[in-house]
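Engineer: Just one file: upload.txt, with compact mmCIF, C-alpha atoms.
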```txt
# COMPACT_ATOMS: atom_id res chain seq x y z
CA MET A 1 3.73 23.71 14.03
CA LYS A 2 6.90 22.03 12.75
CA ALA A 3 5.95 18.91 14.65
CA LEU A 4 2.54 18.87 12.99
CA ARG A 5 4.13 19.30 9.56
CA PHE A 6 6.25 16.22 10.27
CA ALA A 7 3.09 14.42 11.31
CA GLY A 8 1.41 15.48 8.08
CA LEU A 9 4.31 14.14 6.05
CA ALA A 10 4.25 10.89 7.96
CA ALA A 11 0.49 10.60 7.53
CA VAL A 12 0.94 10.77 3.74
CA LEU A 13 3.36 7.91 4.01
CA LEU A 14 0.89 5.96 6.12
CA ALA A 15 1.10 2.31 5.23
CA ALA A 16 2.56 -0.86 6.54
CA PRO A 17 6.05 -1.98 5.54
CA LEU A 18 6.48 -3.95 2.35
CA VAL A 19 9.44 -5.93 3.65
CA SER A 20 10.49 -7.11 7.06
CA ARG A 21 12.39 -4.58 9.16
CA ALA A 22 16.03 -5.36 8.40
CA ALA A 23 17.24 -1.76 8.65
CA GLU A 24 18.86 -2.37 12.00
CA THR A 25 21.55 -4.47 10.30
CA GLU A 26 22.45 -1.66 7.89
CA PRO A 27 25.83 -0.07 8.72
CA ALA A 28 24.45 3.46 8.49
CA TYR A 29 21.50 2.93 10.84
CA LEU A 30 21.78 4.77 14.12
CA ASP A 31 19.96 3.41 17.10
CA PHE A 32 19.10 6.35 19.30
CA ALA A 33 18.71 5.61 22.96
CA ASN A 34 15.45 6.88 24.41
CA VAL A 35 15.59 10.55 25.28
CA THR A 36 13.01 11.76 27.75
CA PRO A 37 10.68 14.26 26.12
CA ALA A 38 10.02 17.59 27.78
CA GLU A 39 6.88 17.40 29.86
CA HIS A 40 5.02 20.13 28.02
CA GLY A 41 7.02 20.60 24.85
CA GLU A 42 7.02 19.18 21.35
CA TYR A 43 8.17 15.66 20.66
CA VAL A 44 8.44 14.04 17.26
CA ASP A 45 9.75 10.57 16.49
CA ILE A 46 9.41 9.31 12.93
CA ASP A 47 10.78 5.90 12.00
CA LEU A 48 10.25 4.96 8.37
CA ASP A 49 11.67 1.77 6.97
CA GLN A 50 12.21 0.65 3.40
CA GLY A 51 8.66 -0.51 2.85
CA LEU A 52 7.11 2.78 3.88
CA LEU A 53 9.70 4.69 1.88
CA LYS A 54 8.98 2.64 -1.25
CA LEU A 55 5.29 3.37 -0.84
CA ALA A 56 6.11 7.05 -0.44
CA ALA A 57 8.12 6.80 -3.65
CA LEU A 58 5.06 5.35 -5.40
CA PHE A 59 2.96 8.28 -4.19
CA ALA A 60 5.60 10.81 -5.18
CA ASP A 61 6.38 9.28 -8.54
CA LYS A 62 3.82 11.16 -10.60
CA GLN A 63 4.49 14.66 -9.31
CA GLU A 64 7.98 14.68 -7.82
CA LYS A 65 10.13 12.25 -9.78
CA GLU A 66 13.35 13.52 -8.22
CA ALA A 67 12.02 12.99 -4.71
CA ALA A 68 10.67 9.56 -5.69
CA ASP A 69 14.14 8.63 -6.97
CA VAL A 70 15.67 9.63 -3.66
CA LEU A 71 13.07 7.75 -1.64
CA ARG A 72 13.53 4.56 -3.65
CA GLY A 73 17.21 4.44 -2.74
CA LEU A 74 16.62 4.89 0.99
CA LYS A 75 16.48 2.08 3.52
CA HIS A 76 15.61 3.98 6.65
CA VAL A 77 14.73 7.46 7.80
CA ARG A 78 14.59 8.34 11.48
CA VAL A 79 13.71 11.80 12.75
CA HIS A 80 13.76 12.93 16.37
CA VAL A 81 12.64 16.42 17.35
CA LEU A 82 12.73 17.23 21.01
CA SER A 83 11.76 20.39 22.84
CA LEU A 84 14.14 21.27 25.61
CA ASP A 85 13.18 22.37 29.08
CA ASP A 86 14.99 22.56 32.40
CA GLY A 87 14.10 18.93 33.05
CA ASN A 88 15.70 17.38 29.96
CA ARG A 89 18.05 20.00 28.50
CA SER A 90 21.32 18.77 29.95
CA SER A 91 20.61 15.09 29.23
CA ALA A 92 19.46 15.88 25.67
CA LEU A 93 22.54 18.00 24.95
CA GLU A 94 24.77 15.29 26.40
CA ARG A 95 23.02 12.77 24.17
CA VAL A 96 23.62 14.91 21.07
CA GLN A 97 27.31 15.27 21.95
CA SER A 98 27.63 11.56 22.60
CA ILE A 99 26.00 10.78 19.22
CA ARG A 100 28.46 13.11 17.49
CA LYS A 101 31.42 11.54 19.27
CA SER A 102 30.37 8.00 18.46
CA LEU A 103 29.78 8.91 14.81
CA GLU A 104 33.33 10.22 14.54
CA THR A 105 34.68 7.13 16.27
CA ASP A 106 32.74 4.88 13.88
CA GLY A 107 34.31 6.48 10.84
CA TRP A 108 31.54 8.89 9.83
CA LYS A 109 32.87 12.02 8.16
CA ARG A 110 31.76 15.42 9.46
CA ILE A 111 30.83 17.35 6.35
CA VAL A 112 29.14 20.40 7.90
CA THR A 113 29.76 22.25 11.16
CA VAL A 114 27.86 25.40 12.03
CA LYS A 115 28.13 26.83 15.49
CA GLU A 116 26.76 30.26 16.31
CA GLU A 117 26.63 31.67 19.80
CA LYS A 118 23.08 31.62 21.19
CA SER A 119 21.86 30.20 17.90
CA ASP A 120 21.91 26.96 15.93
CA ASP A 121 24.58 24.34 16.46
CA VAL A 122 24.56 22.08 13.41
CA ALA A 123 26.72 19.07 12.63
CA ILE A 124 26.13 16.85 9.61
CA PHE A 125 27.92 13.55 9.22
CA ALA A 126 28.10 11.26 6.24
CA ARG A 127 29.05 7.62 6.01
CA ILE A 128 30.89 7.33 2.75
CA ARG A 129 31.56 4.13 0.91
CA GLY A 130 34.39 4.13 -1.58
CA GLU A 131 35.05 7.47 -3.23
CA GLU A 132 31.63 8.98 -3.69
CA ALA A 133 28.81 6.76 -2.53
CA ILE A 134 27.02 7.98 0.58
CA GLU A 135 25.29 5.24 2.51
CA GLY A 136 24.18 7.29 5.48
CA LEU A 137 23.60 10.81 6.69
CA ALA A 138 23.29 11.94 10.28
CA ILE A 139 22.17 15.46 11.09
CA THR A 140 22.29 16.83 14.61
CA VAL A 141 20.93 20.28 15.34
CA VAL A 142 20.59 22.14 18.60
CA GLU A 143 18.43 25.24 18.08
CA GLY A 144 19.40 27.66 20.83
CA ASN A 145 18.15 26.24 24.10
CA ARG A 146 14.76 25.39 22.68
CA GLN A 147 14.98 22.31 20.54
CA ALA A 148 17.23 19.40 19.57
CA VAL A 149 16.87 17.57 16.28
CA VAL A 150 18.54 14.33 15.25
CA VAL A 151 17.97 12.87 11.79
CA ASN A 152 19.39 9.66 10.38
CA VAL A 153 19.03 8.64 6.78
CA ALA A 154 20.38 5.26 5.66
CA GLY A 155 20.49 4.08 2.07
CA GLU A 156 22.05 4.83 -1.28
CA ILE A 157 22.32 8.61 -1.51
CA ARG A 158 24.03 10.39 -4.36
CA PRO A 159 25.73 13.66 -3.37
CA ASP A 160 23.53 15.62 -5.79
CA GLN A 161 20.41 14.19 -4.11
CA ILE A 162 21.19 15.57 -0.66
CA SER A 163 19.46 18.93 -1.08
CA ALA A 164 16.44 17.17 -2.67
CA LEU A 165 16.34 14.97 0.42
CA GLY A 166 16.34 18.05 2.62
CA ALA A 167 13.51 19.59 0.64
CA ARG A 168 11.41 16.38 0.70
CA PHE A 169 11.75 15.84 4.43
CA ASN A 170 11.90 19.53 5.37
CA ILE A 171 15.39 19.23 6.87
CA ASP A 172 16.67 22.81 6.73
CA PRO A 173 20.43 22.16 7.03
CA LEU A 174 20.28 19.75 4.09
CA LYS A 175 18.24 22.03 1.84
CA LYS A 176 21.12 24.47 1.59
CA LEU A 177 23.83 21.86 1.33
CA GLN A 178 25.45 21.48 -2.06
CA VAL A 179 28.06 18.77 -2.05
CA ALA A 180 30.85 19.18 -4.58
CA LYS A 181 31.48 16.12 -6.72
CA ASN A 182 35.28 16.26 -6.25
CA MET B 1 -35.13 -41.35 16.06
CA PRO B 2 -38.11 -40.18 13.96
CA ARG B 3 -37.24 -38.28 10.82
CA TRP B 4 -39.20 -35.19 11.88
CA LEU B 5 -37.19 -35.00 15.10
CA LYS B 6 -33.91 -35.18 13.19
CA VAL B 7 -35.09 -32.40 10.88
CA LEU B 8 -36.18 -30.35 13.89
CA LEU B 9 -32.84 -30.84 15.63
CA TRP B 10 -30.89 -29.85 12.51
CA ALA B 11 -33.10 -26.82 11.93
CA GLY B 12 -32.73 -25.82 15.58
CA GLY B 13 -28.98 -26.26 15.38
CA PHE B 14 -28.72 -24.09 12.30
CA PHE B 15 -31.00 -21.50 13.85
CA PHE B 16 -28.93 -21.18 17.02
CA LEU B 17 -25.70 -21.19 15.02
CA GLY B 18 -27.08 -18.36 12.91
CA LEU B 19 -28.23 -16.53 16.02
CA ALA B 20 -24.83 -16.91 17.69
CA THR B 21 -23.04 -15.76 14.54
CA THR B 22 -25.33 -12.73 14.31
CA VAL B 23 -24.78 -11.84 17.96
CA VAL B 24 -20.99 -12.10 17.56
CA TRP B 25 -21.11 -10.08 14.33
CA VAL B 26 -23.21 -7.33 15.92
CA TYR B 27 -20.92 -7.24 18.97
CA ARG B 28 -17.80 -6.95 16.81
CA THR B 29 -19.42 -4.31 14.62
CA LEU B 30 -20.21 -2.15 17.63
CA HIS B 31 -16.75 -2.45 19.21
CA LEU B 32 -13.18 -1.64 18.30
CA SER B 33 -10.78 -4.16 16.84
CA PRO B 34 -8.38 -5.77 19.35
CA GLU B 35 -5.39 -3.63 18.28
CA ALA B 36 -7.43 -0.42 18.40
CA ARG B 37 -8.63 -1.39 21.90
CA GLU B 38 -5.03 -2.03 23.02
CA LEU B 39 -3.89 1.32 21.66
CA LYS B 40 -6.78 3.16 23.26
CA GLY B 41 -6.01 1.47 26.59
CA ALA B 42 -2.32 2.31 26.35
CA MET B 43 -2.97 5.95 25.44
CA LEU B 44 -5.36 6.54 28.29
CA GLY B 45 -3.34 4.41 30.70
CA SER B 46 -4.31 5.07 34.24
CA LEU B 47 -6.02 8.40 33.65
CA SER B 48 -8.82 8.81 36.09
CA GLN B 49 -11.26 10.84 34.09
CA PRO B 50 -14.55 10.02 32.43
CA VAL B 51 -14.36 8.65 28.91
CA SER B 52 -17.55 8.50 26.88
CA SER B 53 -17.84 6.79 23.55
CA GLN B 54 -19.32 8.91 20.74
CA ILE B 55 -18.72 6.57 17.83
CA GLN B 56 -17.43 3.05 17.89
CA PHE B 57 -17.70 0.55 15.07
CA SER B 58 -15.80 -1.99 13.02
CA VAL B 59 -16.51 -3.16 9.52
CA GLY B 60 -15.06 -6.18 7.81
CA SER B 61 -14.93 -7.46 4.28
CA VAL B 62 -18.60 -8.55 4.19
CA ALA B 63 -19.98 -5.17 5.26
CA LEU B 64 -17.59 -3.33 2.95
CA CYS B 65 -18.53 -5.56 0.05
CA ALA B 66 -22.19 -4.75 0.71
CA ALA B 67 -21.33 -1.05 0.92
CA ARG B 68 -19.51 -1.22 -2.43
CA GLN B 69 -22.56 -2.87 -4.03
CA ILE B 70 -24.83 -0.16 -2.67
CA VAL B 71 -22.49 2.66 -3.69
CA SER B 72 -22.14 1.25 -7.20
CA ARG B 73 -25.89 1.77 -7.66
CA ILE B 74 -25.80 5.43 -6.59
CA ASP B 75 -25.02 7.96 -9.31
CA ASP B 76 -23.58 10.98 -7.49
CA VAL B 77 -20.81 9.38 -5.48
CA PRO B 78 -17.41 11.01 -6.23
CA PRO B 79 -15.01 8.60 -7.99
CA GLU B 80 -12.42 9.25 -5.28
CA ALA B 81 -14.79 7.95 -2.63
CA VAL B 82 -15.57 4.87 -4.68
CA ALA B 83 -11.87 4.19 -5.19
CA ALA B 84 -11.15 4.73 -1.48
CA LEU B 85 -13.93 2.34 -0.50
CA ASP B 86 -12.52 -0.14 -2.96
CA GLY B 87 -9.11 0.10 -1.32
CA VAL B 88 -10.27 -0.50 2.25
CA LYS B 89 -10.50 -4.12 3.37
CA ALA B 90 -11.42 -3.61 7.01
CA ALA B 91 -11.73 -0.67 9.35
CA SER B 92 -12.35 0.01 13.00
CA VAL B 93 -13.07 3.52 14.22
CA GLY B 94 -13.64 4.91 17.69
CA VAL B 95 -14.25 8.50 18.74
CA PHE B 96 -14.24 9.20 22.45
CA GLN B 97 -14.91 12.30 24.49
CA LEU B 98 -12.65 12.82 27.47
CA GLY B 99 -13.44 14.98 30.49
CA HIS B 100 -10.60 17.34 29.60
CA HIS B 101 -7.38 17.30 27.61
CA PRO B 102 -5.30 14.60 29.29
CA ASN B 103 -1.92 15.49 30.69
CA LEU B 104 -0.09 12.57 29.08
CA ASP B 105 3.19 11.75 30.74
CA PRO B 106 6.38 11.47 28.61
CA ASP B 107 6.29 7.68 28.97
CA VAL B 108 3.02 7.34 27.07
CA PHE B 109 4.75 6.16 23.88
CA ARG B 110 6.85 3.59 25.71
CA ARG B 111 3.66 2.28 27.31
CA CYS B 112 1.97 2.07 23.93
CA ASP B 113 5.00 0.27 22.51
CA GLU B 114 4.92 -2.38 25.23
CA ARG B 115 1.29 -3.21 24.57
CA MET B 116 1.36 -2.95 20.79
CA ARG B 117 4.61 -4.93 20.42
CA ARG B 118 2.78 -8.06 21.65
CA GLY B 119 0.63 -7.89 18.53
CA GLY B 120 3.64 -7.38 16.26
CA TRP B 121 3.14 -3.63 15.83
CA HIS B 122 5.95 -1.12 15.41
CA ARG B 123 5.67 2.60 16.10
CA SER B 124 6.32 4.52 12.89
CA VAL B 125 5.23 7.99 13.91
CA SER B 126 4.73 9.73 17.22
CA VAL B 127 4.10 13.41 17.66
CA LYS B 128 3.21 15.20 20.86
CA ASP B 129 2.73 18.86 21.59
CA LYS B 130 0.59 20.84 24.05
CA GLU B 131 -2.81 20.04 22.61
CA THR B 132 -2.30 17.16 20.20
CA THR B 133 -0.80 13.70 20.38
CA VAL B 134 -0.56 11.43 17.35
CA VAL B 135 0.80 7.90 17.28
CA ILE B 136 0.83 5.59 14.27
CA TYR B 137 1.69 1.90 14.34
CA THR B 138 2.40 -0.42 11.45
CA PRO B 139 3.29 -4.11 11.49
CA LYS B 140 6.81 -5.38 11.06
CA ALA B 141 6.14 -7.36 7.90
CA VAL B 142 3.16 -7.35 5.56
CA SER B 143 2.55 -7.12 1.82
CA GLU B 144 1.53 -4.04 -0.15
CA ARG B 145 -1.80 -5.68 -0.98
CA ASP B 146 -2.68 -5.99 2.71
CA LEU B 147 -1.39 -2.97 4.57
CA LYS B 148 -2.31 -2.68 8.20
CA VAL B 149 -2.22 0.47 10.27
CA CYS B 150 -3.35 1.47 13.73
CA LEU B 151 -3.36 5.08 14.86
CA ALA B 152 -4.58 7.23 17.69
CA VAL B 153 -5.01 10.98 17.89
CA ILE B 154 -5.76 13.01 21.00
CA ASP B 155 -6.83 16.52 20.05
CA GLY B 156 -8.01 18.66 22.91
CA ALA B 157 -10.44 16.50 24.84
CA GLN B 158 -11.19 14.07 22.04
CA LEU B 159 -9.56 10.73 21.32
CA VAL B 160 -9.84 9.11 17.89
CA VAL B 161 -8.59 5.57 17.35
CA VAL B 162 -8.52 3.98 13.91
CA SER B 163 -7.24 0.68 12.71
CA GLY B 164 -7.57 -0.72 9.24
CA ARG B 165 -6.39 -2.93 6.42
CA ILE B 166 -6.02 -1.43 2.99
CA ASP B 167 -4.85 -2.38 -0.45
CA GLY B 168 -2.02 0.11 -0.89
CA ARG B 169 -1.91 -0.25 -4.67
CA LYS B 170 -5.50 0.94 -5.00
CA LEU B 171 -4.90 4.02 -2.87
CA VAL B 172 -1.75 5.20 -4.64
CA PRO B 173 -3.66 6.97 -7.46
CA ILE B 174 -5.96 8.72 -4.94
CA VAL B 175 -3.10 9.94 -2.78
CA ALA B 176 -1.03 10.97 -5.80
CA GLU B 177 -4.01 12.88 -7.22
CA ARG B 178 -4.64 14.59 -3.89
CA ALA B 179 -0.96 15.43 -3.46
CA SER B 180 -0.75 16.95 -6.94
CA HIS B 181 -3.86 19.00 -6.20
CA GLU B 182 -2.32 20.31 -2.97
CA LEU B 183 0.93 21.13 -4.73
CA ALA B 184 -0.96 22.96 -7.49
CA LEU B 185 -2.78 25.06 -4.87
CA ARG B 186 0.52 26.09 -3.35
```
Mind turning the file's structure into structure tokens?

Structural biologist:
Amino acid sequence: MKALRFAGLAAVLLAAPLVSRAAETEPAYLDFANVTPAEHGEYVDIDLDQGLLKLAALFADKQEKEAADVLRGLKHVRVHVLSLDDGNRSSALERVQSIRKSLETDGWKRIVTVKEEKSDDVAIFARIRGEEAIEGLAITVVEGNRQAVVVNVAGEIRPDQISALGARFNIDPLKKLQVAKN
Amino acid sequence: MPRWLKVLLWAGGFFFLGLATTVVWVYRTLHLSPEARELKGAMLGSLSQPVSSQIQFSVGSVALCAARQIVSRIDDVPPEAVAALDGVKAASVGVFQLGHHPNLDPDVFRRCDERMRRGGWHRSVSVKDKETTVVIYTPKAVSERDLKVCLAVIDGAQLVVVSGRIDGRKLVPIVAERASHELALR
């Protein structure tokens, strides 16, 4: 059901890019290596670049100005949702750990860590420019043994926009996140 | 050469040119666009099961222009439909019935990428669960006035492939109106 909601969101944003795809050169863009989907489970891969996001901002402008503001500042949104089964669980978990390690090595700041036994394992990283400007967010979630989620958002994000971003893209860990200004 | 023969040859030439154009137009109308065909082929891959076509057609700017003229003379057409028709520049739609829900292997998206990349398409959305697979491709660089999209949906034992060109600016009010209606219902 969650996968279909993502598909519904992406279908609303359905359009071709307005600009050429230059997101890969952005410092906050994560290039996920291919992770093998579970044979019979859910798989979601959403890759929205600046053009699609600007069009989404146009659509959202009339009814959700705050969300439209957030979307206009974004350069790239990538969402990966992967069901885990015996065939891909260990490689997917290794991949999540390797992403987290490389984010820390590349200077991303871990701003949230939640680890509950037999439950969600959440780590949120931010790439911060200067004192306050956030130019990238990376969210990695392992939900029990059932599902792994990796989300990358690149662009100009104000700290007060993070929970709005979570609400717009249905990213649960971000919805509850309130980042203090100091 | 006698004048009458020249006239006859010219008339014959125009006639056969018109006939050839008509045949090509009819063929293209009754078949999918090249990108929709590629996507359909990539999705079904090497599945060995019967595939029967239920609907398959393409319409270009001439047919859509004619449709707009006809619709403008009909009174009861909803304004949303008129605006949507105005925003579409070309469309190709195929609906196919499969023998049974295909057991798509995990590499199906990579296969689609390989074939679609040749035409400059980039995968923007892919969703796969037990009964439904959705994949949406958009080009790497276009303008907002000429937005291209190519998508395929497998739902149960049915495959739907759609490709189209739209004027994004003309569809923004429709989508925004629809979105506000949905939000109001919630």

Engineer: Please identify all residues of chain B having at least one atom at most 8 Å from any atom of chain A, considering all atoms listed in the file, and return them as a VMD selection string.

Structural biologist: chain B and resid 105 to 107 123 to 130 134 138 to 144 147 to 149 168 172 to 173 175 to 176 180

Engineer: Enter the distance from CA of Val141 (chain A) to CA of Glu114 (chain B), in Å, rounded to one decimal.

Structural biologist: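 We find that CA of Val141 (chain A) and CA of Glu114 (chain B) lie 29.5 Å from each other.
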
Engineer: Distance CA of Leu53 (chain A)-CA of Thr105 (chain A), one decimal place?

Structural biologist: 28.9 Å

Engineer: I'd like to know which of A:Lys65, A:Arg110, A:Arg127, A:Lys54 is closest to Thr140 (chain A), using all atoms listed in the file.

Structural biologist: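 Among the listed residues, the smallest separation from Thr140 (chain A) belongs to A:Arg110.
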
Engineer: When you look at region 24-32 of chain B with a cut-off of 7 Å (counting all atoms listed in the file), what residues show up, excluding the ones that are within fewer than 2 positions of it in the same chain? I need them as a ChimeraX atom specification.

Structural biologist: /B:20-22,34,36-37,56-59,92-94

Engineer: Using the selection just defined, write its residues with C-alpha atoms as an mmCIF file, in the frame of the given file.

Structural biologist:
```cif
data_model
loop_
_atom_site.group_PDB
_atom_site.id
_atom_site.type_symbol
_atom_site.label_atom_id
_atom_site.label_comp_id
_atom_site.auth_asym_id
_atom_site.auth_seq_id
_atom_site.Cartn_x
_atom_site.Cartn_y
_atom_site.Cartn_z
ATOM 1 C CA ALA B 20 -24.830 -16.910 17.690
ATOM 2 C CA THR B 21 -23.040 -15.760 14.540
ATOM 3 C CA THR B 22 -25.330 -12.730 14.310
ATOM 4 C CA PRO B 34 -8.380 -5.770 19.350
ATOM 5 C CA ALA B 36 -7.430 -0.420 18.400
ATOM 6 C CA ARG B 37 -8.630 -1.390 21.900
ATOM 7 C CA GLN B 56 -17.430 3.050 17.890
ATOM 8 C CA PHE B 57 -17.700 0.550 15.070
ATOM 9 C CA SER B 58 -15.800 -1.990 13.020
ATOM 10 C CA VAL B 59 -16.510 -3.160 9.520
ATOM 11 C CA SER B 92 -12.350 0.010 13.000
ATOM 12 C CA VAL B 93 -13.070 3.520 14.220
ATOM 13 C CA GLY B 94 -13.640 4.910 17.690
#
```

Engineer: Please measure the separation of CA of Val160 (chain B) and CA of Val95 (chain B), giving the value in Å to one decimal.

Structural biologist: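 Value for the CA of Val160 (chain B)-CA of Val95 (chain B) distance: 4.5 Å.
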
Engineer: So that I can see what lies close to Ile154 (chain B), please list as a list in words the residues with an atom at most 10 Å from it, counting only C-alpha atoms and leaving out residues fewer than 6 positions away in the same chain.

Structural biologist: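 Contacts, with the query itself left out: Met43, Leu44, Val95, Phe96, Gln97, Leu98, His101, Pro102, Leu104, Lys128, Glu131, Thr132, Thr133, Val134, Val135, Val160 and Val161 of chain B.
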
Engineer: What's the 12 Å shell around Ile99 (chain A), counting all atoms listed in the file, without same-chain residues fewer than 4 positions away, as a list in words?

Structural biologist: Leu30, Asp31, Phe32, Ala33, Ala92, Leu93, Glu94, Arg95, Leu103, Glu104, Thr105, Asp106, Trp108, Ala123, Ile124, Phe125, Ala138, Ile139, Thr140, Val141, Val149, Val150, Val151 and Asn152 of chain A

Engineer: Write out as a compact mmCIF listing (two decimals) with C-alpha atoms, keeping the file's coordinate frame which residues come within 7 Å of His76 (chain A) when counting all atoms listed in the file, dropping same-chain ones fewer than 4 positions away.

Structural biologist:
```
# COMPACT_ATOMS: atom_id res chain seq x y z
CA ALA A 23 17.24 -1.76 8.65
CA LEU A 48 10.25 4.96 8.37
CA ASP A 49 11.67 1.77 6.97
CA GLN A 50 12.21 0.65 3.40
CA VAL A 153 19.03 8.64 6.78
CA ALA A 154 20.38 5.26 5.66
CA GLY A 155 20.49 4.08 2.07
```

Engineer: Mind completing region 3-24 of chain B with N, CA and C atoms? Output as an mmCIF file, keeping the file's coordinate frame, please?

Structural biologist:
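result.cif was written with the following content:
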```cif
data_model
loop_
_atom_site.group_PDB
_atom_site.id
_atom_site.type_symbol
_atom_site.label_atom_id
_atom_site.label_comp_id
_atom_site.auth_asym_id
_atom_site.auth_seq_id
_atom_site.Cartn_x
_atom_site.Cartn_y
_atom_site.Cartn_z
ATOM 1 N N ARG B 3 -37.822 -39.191 11.797
ATOM 2 C CA ARG B 3 -37.240 -38.280 10.820
ATOM 3 C C ARG B 3 -37.546 -36.833 11.168
ATOM 4 N N TRP B 4 -38.784 -36.546 11.608
ATOM 5 C CA TRP B 4 -39.200 -35.190 11.880
ATOM 6 C C TRP B 4 -38.369 -34.596 13.020
ATOM 7 N N LEU B 5 -37.985 -35.495 13.970
ATOM 8 C CA LEU B 5 -37.190 -35.000 15.100
ATOM 9 C C LEU B 5 -35.780 -34.636 14.633
ATOM 10 N N LYS B 6 -35.244 -35.482 13.740
ATOM 11 C CA LYS B 6 -33.910 -35.180 13.190
ATOM 12 C C LYS B 6 -33.929 -33.842 12.470
ATOM 13 N N VAL B 7 -34.968 -33.649 11.639
ATOM 14 C CA VAL B 7 -35.090 -32.400 10.880
ATOM 15 C C VAL B 7 -35.188 -31.224 11.852
ATOM 16 N N LEU B 8 -35.989 -31.409 12.902
ATOM 17 C CA LEU B 8 -36.180 -30.350 13.890
ATOM 18 C C LEU B 8 -34.867 -30.023 14.593
ATOM 19 N N LEU B 9 -34.119 -31.069 14.938
ATOM 20 C CA LEU B 9 -32.840 -30.840 15.630
ATOM 21 C C LEU B 9 -31.845 -30.101 14.718
ATOM 22 N N TRP B 10 -31.789 -30.535 13.451
ATOM 23 C CA TRP B 10 -30.890 -29.850 12.510
ATOM 24 C C TRP B 10 -31.303 -28.393 12.320
ATOM 25 N N ALA B 11 -32.613 -28.190 12.142
ATOM 26 C CA ALA B 11 -33.100 -26.820 11.930
ATOM 27 C C ALA B 11 -32.786 -25.961 13.164
ATOM 28 N N GLY B 12 -33.019 -26.557 14.354
ATOM 29 C CA GLY B 12 -32.730 -25.820 15.580
ATOM 30 C C GLY B 12 -31.257 -25.495 15.702
ATOM 31 N N GLY B 13 -30.425 -26.477 15.333
ATOM 32 C CA GLY B 13 -28.980 -26.260 15.380
ATOM 33 C C GLY B 13 -28.551 -25.119 14.468
ATOM 34 N N PHE B 14 -29.078 -25.164 13.239
ATOM 35 C CA PHE B 14 -28.720 -24.090 12.300
ATOM 36 C C PHE B 14 -29.227 -22.740 12.789
ATOM 37 N N PHE B 15 -30.423 -22.756 13.361
ATOM 38 C CA PHE B 15 -31.000 -21.500 13.850
ATOM 39 C C PHE B 15 -30.130 -20.897 14.937
ATOM 40 N N PHE B 16 -29.730 -21.716 15.920
ATOM 41 C CA PHE B 16 -28.930 -21.180 17.020
ATOM 42 C C PHE B 16 -27.528 -20.800 16.558
ATOM 43 N N LEU B 17 -27.002 -21.562 15.588
ATOM 44 C CA LEU B 17 -25.700 -21.190 15.020
ATOM 45 C C LEU B 17 -25.792 -19.836 14.353
ATOM 46 N N GLY B 18 -26.868 -19.650 13.574
ATOM 47 C CA GLY B 18 -27.080 -18.360 12.910
ATOM 48 C C GLY B 18 -27.247 -17.247 13.912
ATOM 49 N N LEU B 19 -27.992 -17.543 14.990
ATOM 50 C CA LEU B 19 -28.230 -16.530 16.020
ATOM 51 C C LEU B 19 -26.921 -16.151 16.704
ATOM 52 N N ALA B 20 -26.116 -17.177 17.034
ATOM 53 C CA ALA B 20 -24.830 -16.910 17.690
ATOM 54 C C ALA B 20 -23.909 -16.109 16.786
ATOM 55 N N THR B 21 -23.888 -16.488 15.502
ATOM 56 C CA THR B 21 -23.040 -15.760 14.540
ATOM 57 C C THR B 21 -23.478 -14.304 14.451
ATOM 58 N N THR B 22 -24.805 -14.100 14.412
ATOM 59 C CA THR B 22 -25.330 -12.730 14.310
ATOM 60 C C THR B 22 -24.965 -11.928 15.550
ATOM 61 N N VAL B 23 -25.102 -12.555 16.720
ATOM 62 C CA VAL B 23 -24.780 -11.840 17.960
ATOM 63 C C VAL B 23 -23.292 -11.445 17.966
ATOM 64 N N VAL B 24 -22.436 -12.388 17.590
ATOM 65 C CA VAL B 24 -20.990 -12.100 17.560
ATOM 66 C C VAL B 24 -20.691 -11.006 16.551
#
```
